[in-house]
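Below is one structure; the comments refer to it alone.
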Amino acid sequence: MFIPRFEDVVTASEAIGSFIHHTPVLTSKQLDKISGAHLFFKCENFQKVGAFKFRGATNAVIRLTEEQRRSGVVTHSSGNHAAALAHAAVSRGVRAYIVMPSTAPEVKKRAVAGYGAEITFCEPTLAAREAAAAGVIRRTGATMIHPYDNFNIIAGQGTAALEALTEYPGTDAIIAPVGGGGLLSGTAIAARHMIPSIKIYGAEPALADDAARSLHTGILQAPLPPKTIADGLLTSLCERTFTAIRENADDILTVTEEQIIEAMRLVWERMKIIIEPSSAVPLAAVLANTSLFAGKKVLIIISGGNADLSKLPFGQHA
């Protein structure tokens with residue numbers, strides 16, 4: 001099991017640079033006032049396919065051998081990685097087979113289909129996802145591109161932090177959402193090398209807190225059945241991402257569903273940008289721990305903007 005180094009993140013950045021968007025970093029005086037910190041938002045909601053996942057997927061597809069390209073790629077994903085891999089592969093003439101849980105948001109199902117992937121739906125359990133993906137591999141010989149347990153995926157995800165910290169080298173802390181841990185792993189690897197003194201945090205729903213429990217105990221913890229509104233954070237750490245996070249991150253902060261919804265509302269209302277619930281989790285963590293971040297320059301990774309507009313949570317939590 002190999003963990004990317006900072007040099008691998010740099011190599012990924014060079015490889016994918018002409019295929020991805022160099023996303024903006026936005027600020028908000030109103031959110032600075034509310035949080036008591038100086039917040040900088042790396043807006044991966046403006047990335048292709050609307051999420052940071054396009055970085056890792058592009059890096060993984062670029063690394064395929066010719067034989068692998070002929071057989072195609074397969075993954076299982078609830079949405080953003082599925083869309084990212086579909087777009088990264090199909091746009092380069094590589095077939096994409098995507099296993100999606102039947103409960104995935106409709107907006108993400110439509111996106112994956114729109115990018116030209118072949119979709120297989122399954123029950124919303126990890127066992128069902130893995131079994132369906134294995135069936136596709138037997139049928140097609142496709143190469144598995146795991147959403148986060150993949151060297152090239154992690155290196156690619158780290159390029160968002162690499163970009164942002166190159167622009168803002170005086171950052172005191174960086175915080176990213178954590179589900180399977182690919183984004184936080186890449187972020188932590190890049191940030192720890194670029195600014196050794198920086199504080200590195202993950203942010204996680206309290207109802208899907210296996211990463212926090214794993215980091216706090218030092219032992220990879222089994223997930224509890226996740227029930228969070230942050231549908232992009234329903235997956236659990238693997239040994240690879242747990243190792244990278246344990247070696248580089250300072251802590252993982254958890255937040256309630258109400259805190260996630262309030263943070264999401266604040267970004268929509270104050271910054272006038274669309275983010276999905278998973279993207280609101282880091283801001284929620286900052287707002288729930290104001291003494292930890294008071295007066296600090298904090299870089300927040302906004303992971304994606306693929307919100308299901310038919311199921312916005314604001315009305316029932318006004």
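Labels for the structure tokens follow display order: chains A, B, ..., residues from 1 in each chain, ligands from 1.
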
Using DSSP on the backbone, list every residue of range 46-229 of chain A that comes out as strand (DSSP E or B), and give them as number ranges by chain. A: 51, 73-76, 96-101, 118-122, 143-144, 173-177, 199-205

Could the residues in this selection be written to a file with N, CA and C atoms, as a short mmCIF file (atom, residue, chain, number, x, y, z; two decimals), in the first residue's frame?
```cif
data_model
loop_
_atom_site.label_atom_id
_atom_site.label_comp_id
_atom_site.auth_asym_id
_atom_site.auth_seq_id
_atom_site.Cartn_x
_atom_site.Cartn_y
_atom_site.Cartn_z
N ALA A 51 -17.28 19.47 -8.92
CA ALA A 51 -16.68 18.92 -7.70
C ALA A 51 -15.19 18.66 -7.88
N VAL A 73 -12.99 1.69 -17.69
CA VAL A 73 -12.83 1.86 -16.24
C VAL A 73 -14.17 1.66 -15.56
N VAL A 74 -14.12 1.28 -14.29
CA VAL A 74 -15.32 1.06 -13.50
C VAL A 74 -15.12 1.62 -12.11
N THR A 75 -16.20 2.10 -11.53
CA THR A 75 -16.15 2.52 -10.13
C THR A 75 -17.54 2.39 -9.53
N HIS A 76 -17.60 2.50 -8.20
CA HIS A 76 -18.89 2.63 -7.53
C HIS A 76 -18.86 3.95 -6.76
N ALA A 96 -16.72 4.09 -19.64
CA ALA A 96 -16.86 4.20 -18.19
C ALA A 96 -18.09 3.43 -17.74
N TYR A 97 -17.89 2.54 -16.77
CA TYR A 97 -18.98 1.75 -16.18
C TYR A 97 -19.13 2.20 -14.73
N ILE A 98 -20.31 2.69 -14.39
CA ILE A 98 -20.50 3.28 -13.08
C ILE A 98 -21.58 2.51 -12.31
N VAL A 99 -21.24 2.08 -11.10
CA VAL A 99 -22.20 1.46 -10.20
C VAL A 99 -22.67 2.53 -9.22
N MET A 100 -23.98 2.75 -9.18
CA MET A 100 -24.54 3.79 -8.31
C MET A 100 -25.63 3.18 -7.43
N PRO A 101 -25.70 3.59 -6.16
CA PRO A 101 -26.82 3.16 -5.33
C PRO A 101 -28.12 3.77 -5.84
N GLU A 118 -22.10 4.00 -18.72
CA GLU A 118 -23.07 2.91 -18.56
C GLU A 118 -23.30 2.72 -17.06
N ILE A 119 -24.52 2.90 -16.60
CA ILE A 119 -24.82 2.87 -15.17
C ILE A 119 -25.45 1.54 -14.77
N THR A 120 -24.98 0.99 -13.65
CA THR A 120 -25.61 -0.15 -13.02
C THR A 120 -26.08 0.30 -11.64
N PHE A 121 -27.35 0.19 -11.36
CA PHE A 121 -27.88 0.58 -10.06
C PHE A 121 -27.86 -0.62 -9.10
N CYS A 122 -27.68 -0.33 -7.81
CA CYS A 122 -27.62 -1.38 -6.81
C CYS A 122 -28.24 -0.88 -5.50
N THR A 143 -10.85 -1.61 -15.60
CA THR A 143 -9.97 -1.30 -14.47
C THR A 143 -10.74 -0.56 -13.40
N MET A 144 -10.63 -1.03 -12.16
CA MET A 144 -11.31 -0.37 -11.05
C MET A 144 -10.59 0.91 -10.67
N ALA A 173 -4.47 27.68 8.91
CA ALA A 173 -5.17 26.40 9.04
C ALA A 173 -5.89 26.09 7.75
N ILE A 174 -6.07 24.80 7.49
CA ILE A 174 -6.81 24.35 6.32
C ILE A 174 -7.77 23.26 6.77
N ILE A 175 -8.96 23.27 6.19
CA ILE A 175 -9.98 22.32 6.63
C ILE A 175 -10.75 21.81 5.42
N ALA A 176 -10.96 20.50 5.37
CA ALA A 176 -11.64 19.87 4.25
C ALA A 176 -12.63 18.84 4.78
N PRO A 177 -13.71 18.60 4.06
CA PRO A 177 -14.64 17.55 4.49
C PRO A 177 -14.00 16.17 4.34
N LYS A 199 -2.10 24.13 10.67
CA LYS A 199 -3.02 23.22 11.32
C LYS A 199 -3.94 22.62 10.25
N ILE A 200 -4.07 21.31 10.26
CA ILE A 200 -4.83 20.59 9.23
C ILE A 200 -5.99 19.86 9.90
N TYR A 201 -7.20 20.19 9.44
CA TYR A 201 -8.40 19.60 10.04
C TYR A 201 -9.27 18.94 8.99
N GLY A 202 -9.90 17.86 9.39
CA GLY A 202 -11.01 17.31 8.64
C GLY A 202 -12.30 17.73 9.30
N ALA A 203 -13.39 17.73 8.54
CA ALA A 203 -14.71 18.06 9.08
C ALA A 203 -15.67 16.97 8.66
N GLU A 204 -16.46 16.49 9.61
CA GLU A 204 -17.27 15.30 9.38
C GLU A 204 -18.62 15.41 10.09
N PRO A 205 -19.69 14.91 9.49
CA PRO A 205 -20.96 14.88 10.20
C PRO A 205 -20.89 13.98 11.43
#
```

Write out as a PyMOL selection string each polymer residue whose atoms come within 9 Å of Asn248 in chain A, counting only C-alpha atoms; drop sequence neighbours fewer than 5 positions from it. chain A and resi 185+188-189+191-192+200+243

Got a sec: who's within 10 Å of Val10 in chain A, counting only C-alpha atoms, leaving out chain neighbours fewer than 3 positions off, as a list of chain:residue names? A:Arg5, A:Phe6, A:Glu7, A:Ser13, A:Glu14, A:Ala15, A:Ala155, A:Gly156, A:Gly158, A:Thr159, A:Leu162, A:Glu163, A:Ala190

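As for CA of Phe54 in chain A and CA of Ile20 in chain A, they are spaced 7.4 Å apart.
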
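A straight line drawn from CA of Ala127 in chain A to CA of Pro277 in chain A is 24.9 Å long.
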
Near Lys108 in chain A, within 12 Å and counting only C-alpha atoms, which residues show up once chain neighbours fewer than 5 positions away are dropped, as a PyMOL selection string? chain A and resi 49-51+77-84+86+98+100-103+113-115+119+231-232+276+304-309

Could you give me the residues within range 112-239 of chain A that DSSP places in alpha helix (DSSP H), as a PDB file with N, CA and C atoms, in the first residue's frame?
```
ATOM      1  N   VAL A 112     -24.266  11.699 -14.445  1.00  0.00           N
ATOM      2  CA  VAL A 112     -23.469  10.545 -14.868  1.00  0.00           C
ATOM      3  C   VAL A 112     -23.959  10.026 -16.221  1.00  0.00           C
ATOM      4  N   ALA A 113     -25.269   9.919 -16.368  1.00  0.00           N
ATOM      5  CA  ALA A 113     -25.823   9.474 -17.642  1.00  0.00           C
ATOM      6  C   ALA A 113     -25.483  10.454 -18.761  1.00  0.00           C
ATOM      7  N   GLY A 114     -25.529  11.736 -18.438  1.00  0.00           N
ATOM      8  CA  GLY A 114     -25.247  12.756 -19.436  1.00  0.00           C
ATOM      9  C   GLY A 114     -23.817  12.737 -19.945  1.00  0.00           C
ATOM     10  N   LEU A 126     -22.422  -0.862   0.956  1.00  0.00           N
ATOM     11  CA  LEU A 126     -21.077  -1.031   0.405  1.00  0.00           C
ATOM     12  C   LEU A 126     -20.922  -2.412  -0.219  1.00  0.00           C
ATOM     13  N   ALA A 127     -21.484  -3.433   0.424  1.00  0.00           N
ATOM     14  CA  ALA A 127     -21.379  -4.795  -0.106  1.00  0.00           C
ATOM     15  C   ALA A 127     -22.037  -4.901  -1.478  1.00  0.00           C
ATOM     16  N   ALA A 128     -23.180  -4.278  -1.622  1.00  0.00           N
ATOM     17  CA  ALA A 128     -23.880  -4.320  -2.907  1.00  0.00           C
ATOM     18  C   ALA A 128     -23.103  -3.569  -3.979  1.00  0.00           C
ATOM     19  N   ARG A 129     -22.525  -2.447  -3.612  1.00  0.00           N
ATOM     20  CA  ARG A 129     -21.736  -1.669  -4.569  1.00  0.00           C
ATOM     21  C   ARG A 129     -20.529  -2.459  -5.047  1.00  0.00           C
ATOM     22  N   GLU A 130     -19.824  -3.069  -4.108  1.00  0.00           N
ATOM     23  CA  GLU A 130     -18.622  -3.818  -4.462  1.00  0.00           C
ATOM     24  C   GLU A 130     -18.958  -5.050  -5.294  1.00  0.00           C
ATOM     25  N   ALA A 131     -20.061  -5.715  -4.958  1.00  0.00           N
ATOM     26  CA  ALA A 131     -20.466  -6.893  -5.719  1.00  0.00           C
ATOM     27  C   ALA A 131     -20.836  -6.519  -7.149  1.00  0.00           C
ATOM     28  N   ALA A 132     -21.555  -5.427  -7.309  1.00  0.00           N
ATOM     29  CA  ALA A 132     -21.946  -4.996  -8.652  1.00  0.00           C
ATOM     30  C   ALA A 132     -20.729  -4.591  -9.474  1.00  0.00           C
ATOM     31  N   ALA A 133     -19.787  -3.895  -8.845  1.00  0.00           N
ATOM     32  CA  ALA A 133     -18.565  -3.503  -9.557  1.00  0.00           C
ATOM     33  C   ALA A 133     -17.759  -4.730  -9.965  1.00  0.00           C
ATOM     34  N   ALA A 134     -17.685  -5.726  -9.085  1.00  0.00           N
ATOM     35  CA  ALA A 134     -16.963  -6.959  -9.409  1.00  0.00           C
ATOM     36  C   ALA A 134     -17.605  -7.654 -10.607  1.00  0.00           C
ATOM     37  N   GLY A 135     -18.936  -7.615 -10.675  1.00  0.00           N
ATOM     38  CA  GLY A 135     -19.631  -8.201 -11.811  1.00  0.00           C
ATOM     39  C   GLY A 135     -19.284  -7.501 -13.116  1.00  0.00           C
ATOM     40  N   VAL A 136     -19.188  -6.191 -13.083  1.00  0.00           N
ATOM     41  CA  VAL A 136     -18.809  -5.427 -14.274  1.00  0.00           C
ATOM     42  C   VAL A 136     -17.395  -5.797 -14.707  1.00  0.00           C
ATOM     43  N   ILE A 137     -16.491  -5.926 -13.750  1.00  0.00           N
ATOM     44  CA  ILE A 137     -15.101  -6.268 -14.072  1.00  0.00           C
ATOM     45  C   ILE A 137     -15.024  -7.639 -14.733  1.00  0.00           C
ATOM     46  N   ARG A 138     -15.789  -8.607 -14.218  1.00  0.00           N
ATOM     47  CA  ARG A 138     -15.794  -9.947 -14.823  1.00  0.00           C
ATOM     48  C   ARG A 138     -16.319  -9.899 -16.256  1.00  0.00           C
ATOM     49  N   ARG A 139     -17.292  -9.048 -16.485  1.00  0.00           N
ATOM     50  CA  ARG A 139     -17.931  -8.971 -17.804  1.00  0.00           C
ATOM     51  C   ARG A 139     -17.106  -8.198 -18.818  1.00  0.00           C
ATOM     52  N   THR A 140     -16.393  -7.166 -18.364  1.00  0.00           N
ATOM     53  CA  THR A 140     -15.742  -6.251 -19.305  1.00  0.00           C
ATOM     54  C   THR A 140     -14.217  -6.216 -19.222  1.00  0.00           C
ATOM     55  N   PHE A 151      -3.959   5.496  -5.271  1.00  0.00           N
ATOM     56  CA  PHE A 151      -2.802   6.397  -5.196  1.00  0.00           C
ATOM     57  C   PHE A 151      -2.996   7.637  -6.068  1.00  0.00           C
ATOM     58  N   ASN A 152      -3.364   7.432  -7.342  1.00  0.00           N
ATOM     59  CA  ASN A 152      -3.474   8.555  -8.273  1.00  0.00           C
ATOM     60  C   ASN A 152      -4.655   9.457  -7.964  1.00  0.00           C
ATOM     61  N   ILE A 153      -5.719   8.876  -7.416  1.00  0.00           N
ATOM     62  CA  ILE A 153      -6.864   9.688  -6.997  1.00  0.00           C
ATOM     63  C   ILE A 153      -6.449  10.646  -5.879  1.00  0.00           C
ATOM     64  N   ILE A 154      -5.784  10.137  -4.869  1.00  0.00           N
ATOM     65  CA  ILE A 154      -5.377  10.967  -3.731  1.00  0.00           C
ATOM     66  C   ILE A 154      -4.423  12.068  -4.182  1.00  0.00           C
ATOM     67  N   ALA A 155      -3.454  11.711  -5.018  1.00  0.00           N
ATOM     68  CA  ALA A 155      -2.504  12.718  -5.509  1.00  0.00           C
ATOM     69  C   ALA A 155      -3.232  13.812  -6.279  1.00  0.00           C
ATOM     70  N   GLY A 156      -4.208  13.423  -7.086  1.00  0.00           N
ATOM     71  CA  GLY A 156      -4.967  14.410  -7.843  1.00  0.00           C
ATOM     72  C   GLY A 156      -5.794  15.321  -6.954  1.00  0.00           C
ATOM     73  N   GLN A 157      -6.402  14.746  -5.925  1.00  0.00           N
ATOM     74  CA  GLN A 157      -7.225  15.572  -5.025  1.00  0.00           C
ATOM     75  C   GLN A 157      -6.381  16.599  -4.283  1.00  0.00           C
ATOM     76  N   THR A 159      -4.199  18.445  -5.394  1.00  0.00           N
ATOM     77  CA  THR A 159      -3.822  19.606  -6.211  1.00  0.00           C
ATOM     78  C   THR A 159      -4.666  20.837  -5.888  1.00  0.00           C
ATOM     79  N   ALA A 160      -5.862  20.651  -5.325  1.00  0.00           N
ATOM     80  CA  ALA A 160      -6.673  21.821  -4.947  1.00  0.00           C
ATOM     81  C   ALA A 160      -5.970  22.612  -3.853  1.00  0.00           C
ATOM     82  N   ALA A 161      -5.483  21.914  -2.836  1.00  0.00           N
ATOM     83  CA  ALA A 161      -4.747  22.583  -1.763  1.00  0.00           C
ATOM     84  C   ALA A 161      -3.438  23.160  -2.279  1.00  0.00           C
ATOM     85  N   LEU A 162      -2.771  22.442  -3.168  1.00  0.00           N
ATOM     86  CA  LEU A 162      -1.520  22.939  -3.758  1.00  0.00           C
ATOM     87  C   LEU A 162      -1.749  24.285  -4.435  1.00  0.00           C
ATOM     88  N   GLU A 163      -2.800  24.388  -5.224  1.00  0.00           N
ATOM     89  CA  GLU A 163      -3.122  25.654  -5.885  1.00  0.00           C
ATOM     90  C   GLU A 163      -3.387  26.761  -4.871  1.00  0.00           C
ATOM     91  N   ALA A 164      -4.247  26.457  -3.920  1.00  0.00           N
ATOM     92  CA  ALA A 164      -4.693  27.490  -2.982  1.00  0.00           C
ATOM     93  C   ALA A 164      -3.565  27.970  -2.079  1.00  0.00           C
ATOM     94  N   LEU A 165      -2.761  27.047  -1.580  1.00  0.00           N
ATOM     95  CA  LEU A 165      -1.686  27.435  -0.663  1.00  0.00           C
ATOM     96  C   LEU A 165      -0.531  28.113  -1.402  1.00  0.00           C
ATOM     97  N   THR A 166      -0.408  27.872  -2.695  1.00  0.00           N
ATOM     98  CA  THR A 166       0.562  28.617  -3.494  1.00  0.00           C
ATOM     99  C   THR A 166       0.147  30.082  -3.579  1.00  0.00           C
ATOM    100  N   GLU A 167      -1.173  30.320  -3.664  1.00  0.00           N
ATOM    101  CA  GLU A 167      -1.702  31.680  -3.715  1.00  0.00           C
ATOM    102  C   GLU A 167      -1.720  32.340  -2.344  1.00  0.00           C
ATOM    103  N   GLY A 182     -10.195  10.696   0.582  1.00  0.00           N
ATOM    104  CA  GLY A 182      -9.300  11.032  -0.521  1.00  0.00           C
ATOM    105  C   GLY A 182      -8.928  12.504  -0.562  1.00  0.00           C
ATOM    106  N   LEU A 183      -9.915  13.379  -0.390  1.00  0.00           N
ATOM    107  CA  LEU A 183      -9.642  14.812  -0.409  1.00  0.00           C
ATOM    108  C   LEU A 183      -8.813  15.235   0.793  1.00  0.00           C
ATOM    109  N   LEU A 184      -9.184  14.790   1.976  1.00  0.00           N
ATOM    110  CA  LEU A 184      -8.421  15.180   3.158  1.00  0.00           C
ATOM    111  C   LEU A 184      -7.009  14.620   3.110  1.00  0.00           C
ATOM    112  N   SER A 185      -6.835  13.409   2.607  1.00  0.00           N
ATOM    113  CA  SER A 185      -5.496  12.832   2.489  1.00  0.00           C
ATOM    114  C   SER A 185      -4.615  13.679   1.586  1.00  0.00           C
ATOM    115  N   GLY A 186      -5.107  13.967   0.378  1.00  0.00           N
ATOM    116  CA  GLY A 186      -4.320  14.773  -0.550  1.00  0.00           C
ATOM    117  C   GLY A 186      -4.079  16.169  -0.026  1.00  0.00           C
ATOM    118  N   THR A 187      -5.102  16.763   0.584  1.00  0.00           N
ATOM    119  CA  THR A 187      -4.972  18.092   1.171  1.00  0.00           C
ATOM    120  C   THR A 187      -3.911  18.105   2.261  1.00  0.00           C
ATOM    121  N   ALA A 188      -3.951  17.114   3.140  1.00  0.00           N
ATOM    122  CA  ALA A 188      -3.013  17.059   4.264  1.00  0.00           C
ATOM    123  C   ALA A 188      -1.580  16.829   3.792  1.00  0.00           C
ATOM    124  N   ILE A 189      -1.409  15.976   2.789  1.00  0.00           N
ATOM    125  CA  ILE A 189      -0.066  15.716   2.251  1.00  0.00           C
ATOM    126  C   ILE A 189       0.525  16.993   1.662  1.00  0.00           C
ATOM    127  N   ALA A 190      -0.273  17.707   0.878  1.00  0.00           N
ATOM    128  CA  ALA A 190       0.215  18.944   0.263  1.00  0.00           C
ATOM    129  C   ALA A 190       0.468  20.018   1.309  1.00  0.00           C
ATOM    130  N   ALA A 191      -0.487  20.204   2.203  1.00  0.00           N
ATOM    131  CA  ALA A 191      -0.384  21.297   3.175  1.00  0.00           C
ATOM    132  C   ALA A 191       0.766  21.086   4.147  1.00  0.00           C
ATOM    133  N   ARG A 192       0.948  19.871   4.627  1.00  0.00           N
ATOM    134  CA  ARG A 192       2.011  19.612   5.606  1.00  0.00           C
ATOM    135  C   ARG A 192       3.382  19.888   5.015  1.00  0.00           C
ATOM    136  N   HIS A 193       3.571  19.611   3.731  1.00  0.00           N
ATOM    137  CA  HIS A 193       4.859  19.870   3.093  1.00  0.00           C
ATOM    138  C   HIS A 193       5.051  21.360   2.805  1.00  0.00           C
ATOM    139  N   MET A 194       4.007  22.018   2.344  1.00  0.00           N
ATOM    140  CA  MET A 194       4.135  23.408   1.927  1.00  0.00           C
ATOM    141  C   MET A 194       4.267  24.359   3.107  1.00  0.00           C
ATOM    142  N   ASP A 210     -16.944   8.050  11.517  1.00  0.00           N
ATOM    143  CA  ASP A 210     -15.931   6.992  11.645  1.00  0.00           C
ATOM    144  C   ASP A 210     -14.514   7.543  11.525  1.00  0.00           C
ATOM    145  N   ALA A 211     -14.317   8.588  10.710  1.00  0.00           N
ATOM    146  CA  ALA A 211     -12.972   9.144  10.557  1.00  0.00           C
ATOM    147  C   ALA A 211     -12.497   9.786  11.858  1.00  0.00           C
ATOM    148  N   ALA A 212     -13.388  10.547  12.507  1.00  0.00           N
ATOM    149  CA  ALA A 212     -13.027  11.158  13.792  1.00  0.00           C
ATOM    150  C   ALA A 212     -12.720  10.089  14.826  1.00  0.00           C
ATOM    151  N   ARG A 213     -13.548   9.071  14.898  1.00  0.00           N
ATOM    152  CA  ARG A 213     -13.310   7.995  15.860  1.00  0.00           C
ATOM    153  C   ARG A 213     -12.014   7.258  15.556  1.00  0.00           C
ATOM    154  N   SER A 214     -11.720   7.081  14.285  1.00  0.00           N
ATOM    155  CA  SER A 214     -10.487   6.406  13.897  1.00  0.00           C
ATOM    156  C   SER A 214      -9.258   7.217  14.300  1.00  0.00           C
ATOM    157  N   LEU A 215      -9.290   8.514  14.008  1.00  0.00           N
ATOM    158  CA  LEU A 215      -8.138   9.357  14.341  1.00  0.00           C
ATOM    159  C   LEU A 215      -7.957   9.466  15.844  1.00  0.00           C
ATOM    160  N   HIS A 216      -9.042   9.582  16.587  1.00  0.00           N
ATOM    161  CA  HIS A 216      -8.951   9.777  18.030  1.00  0.00           C
ATOM    162  C   HIS A 216      -8.518   8.509  18.768  1.00  0.00           C
ATOM    163  N   THR A 217      -8.832   7.347  18.205  1.00  0.00           N
ATOM    164  CA  THR A 217      -8.435   6.083  18.849  1.00  0.00           C
ATOM    165  C   THR A 217      -7.136   5.521  18.288  1.00  0.00           C
ATOM    166  N   GLU A 239      -7.559   1.876   4.775  1.00  0.00           N
ATOM    167  CA  GLU A 239      -6.233   1.895   5.401  1.00  0.00           C
ATOM    168  C   GLU A 239      -5.332   2.958   4.779  1.00  0.00           C
TER     169      GLU A 239
END
```

Which residue out of A:Phe41, A:His87, A:Ala294, A:Ile229 has the minimum interatomic distance to Thr27 in chain A when only C-alpha atoms are used?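 Checking each of A:Phe41, A:His87, A:Ala294, A:Ile229 against Thr27 in chain A, counting only C-alpha atoms, the winner is A:Phe41.
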
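Note that the spacing between CA of Ile198 in chain A and CA of Thr290 in chain A amounts to 17.2 Å.
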
Looking at only C-alpha atoms, which of A:Gln30, A:Ser18, A:Gln68, A:Thr23 is the one that sits closest to Val267 in chain A?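 Using only C-alpha atoms, the shortest distance to Val267 in chain A belongs to A:Gln30.
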
Residues within 9 Å of Ile195 in chain A, please, as a ChimeraX atom specification. Count only C-alpha atoms; anything in the same chain fewer than 6 positions from it doesn't count. /A:165,169-172

Of the candidates A:His22, A:Lys33, A:Arg110, A:Lys42, which shows the shortest atom-to-atom distance to Ile300 in chain A, using only C-alpha atoms?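 Answer, going by the shortest atom-to-atom distance: A:Lys42.
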
Residues at most 10 Å from Gly36 in chain A, counting only C-alpha atoms, excluding those fewer than 5 positions away in the same chain, as a ChimeraX atom specification? /A:30-31,286-287,290-291,293-296

Writing out the chosen residues with N, CA and C atoms as a PDB file, in the first residue's frame:
```pdb
ATOM      1  N   GLN A  30     -18.710  39.210   5.511  1.00  0.00           N
ATOM      2  CA  GLN A  30     -19.796  38.857   6.422  1.00  0.00           C
ATOM      3  C   GLN A  30     -19.485  37.550   7.169  1.00  0.00           C
ATOM      4  N   LEU A  31     -18.971  36.564   6.448  1.00  0.00           N
ATOM      5  CA  LEU A  31     -18.640  35.293   7.101  1.00  0.00           C
ATOM      6  C   LEU A  31     -17.407  35.428   7.983  1.00  0.00           C
ATOM      7  N   VAL A 286     -15.937  25.234  11.529  1.00  0.00           N
ATOM      8  CA  VAL A 286     -15.316  26.487  11.953  1.00  0.00           C
ATOM      9  C   VAL A 286     -16.264  27.264  12.856  1.00  0.00           C
ATOM     10  N   LEU A 287     -17.521  27.352  12.471  1.00  0.00           N
ATOM     11  CA  LEU A 287     -18.500  28.110  13.251  1.00  0.00           C
ATOM     12  C   LEU A 287     -18.799  27.450  14.596  1.00  0.00           C
ATOM     13  N   THR A 290     -15.317  28.386  17.192  1.00  0.00           N
ATOM     14  CA  THR A 290     -14.795  29.718  16.908  1.00  0.00           C
ATOM     15  C   THR A 290     -13.543  30.050  17.700  1.00  0.00           C
ATOM     16  N   SER A 291     -13.424  29.543  18.911  1.00  0.00           N
ATOM     17  CA  SER A 291     -12.228  29.841  19.706  1.00  0.00           C
ATOM     18  C   SER A 291     -10.981  29.206  19.099  1.00  0.00           C
ATOM     19  N   PHE A 293     -10.368  28.885  15.905  1.00  0.00           N
ATOM     20  CA  PHE A 293      -9.966  29.554  14.665  1.00  0.00           C
ATOM     21  C   PHE A 293      -9.944  31.078  14.785  1.00  0.00           C
ATOM     22  N   ALA A 294     -10.217  31.633  15.956  1.00  0.00           N
ATOM     23  CA  ALA A 294     -10.327  33.080  16.121  1.00  0.00           C
ATOM     24  C   ALA A 294      -9.074  33.806  15.633  1.00  0.00           C
ATOM     25  N   GLY A 295      -9.273  34.760  14.730  1.00  0.00           N
ATOM     26  CA  GLY A 295      -8.185  35.585  14.223  1.00  0.00           C
ATOM     27  C   GLY A 295      -7.266  34.898  13.245  1.00  0.00           C
ATOM     28  N   LYS A 296      -7.520  33.629  12.918  1.00  0.00           N
ATOM     29  CA  LYS A 296      -6.638  32.856  12.043  1.00  0.00           C
ATOM     30  C   LYS A 296      -7.052  32.983  10.583  1.00  0.00           C
TER      31      LYS A 296
END
```

Given only C-alpha atoms as the counted atoms, nearest of A:Ile274, A:Ala88, A:Leu26, A:Met1 to Lys53 in chain A: A:Ala88

Best match for closeness to Val255 in chain A among A:Lys311, A:Trp268, A:Ala288, A:Leu234, counting only C-alpha atoms: A:Ala288

Hey, which of A:Arg63, A:Thr235, A:Ile302, A:Asp251 ends up closest to Tyr148 in chain A? Count only C-alpha atoms. A:Thr235
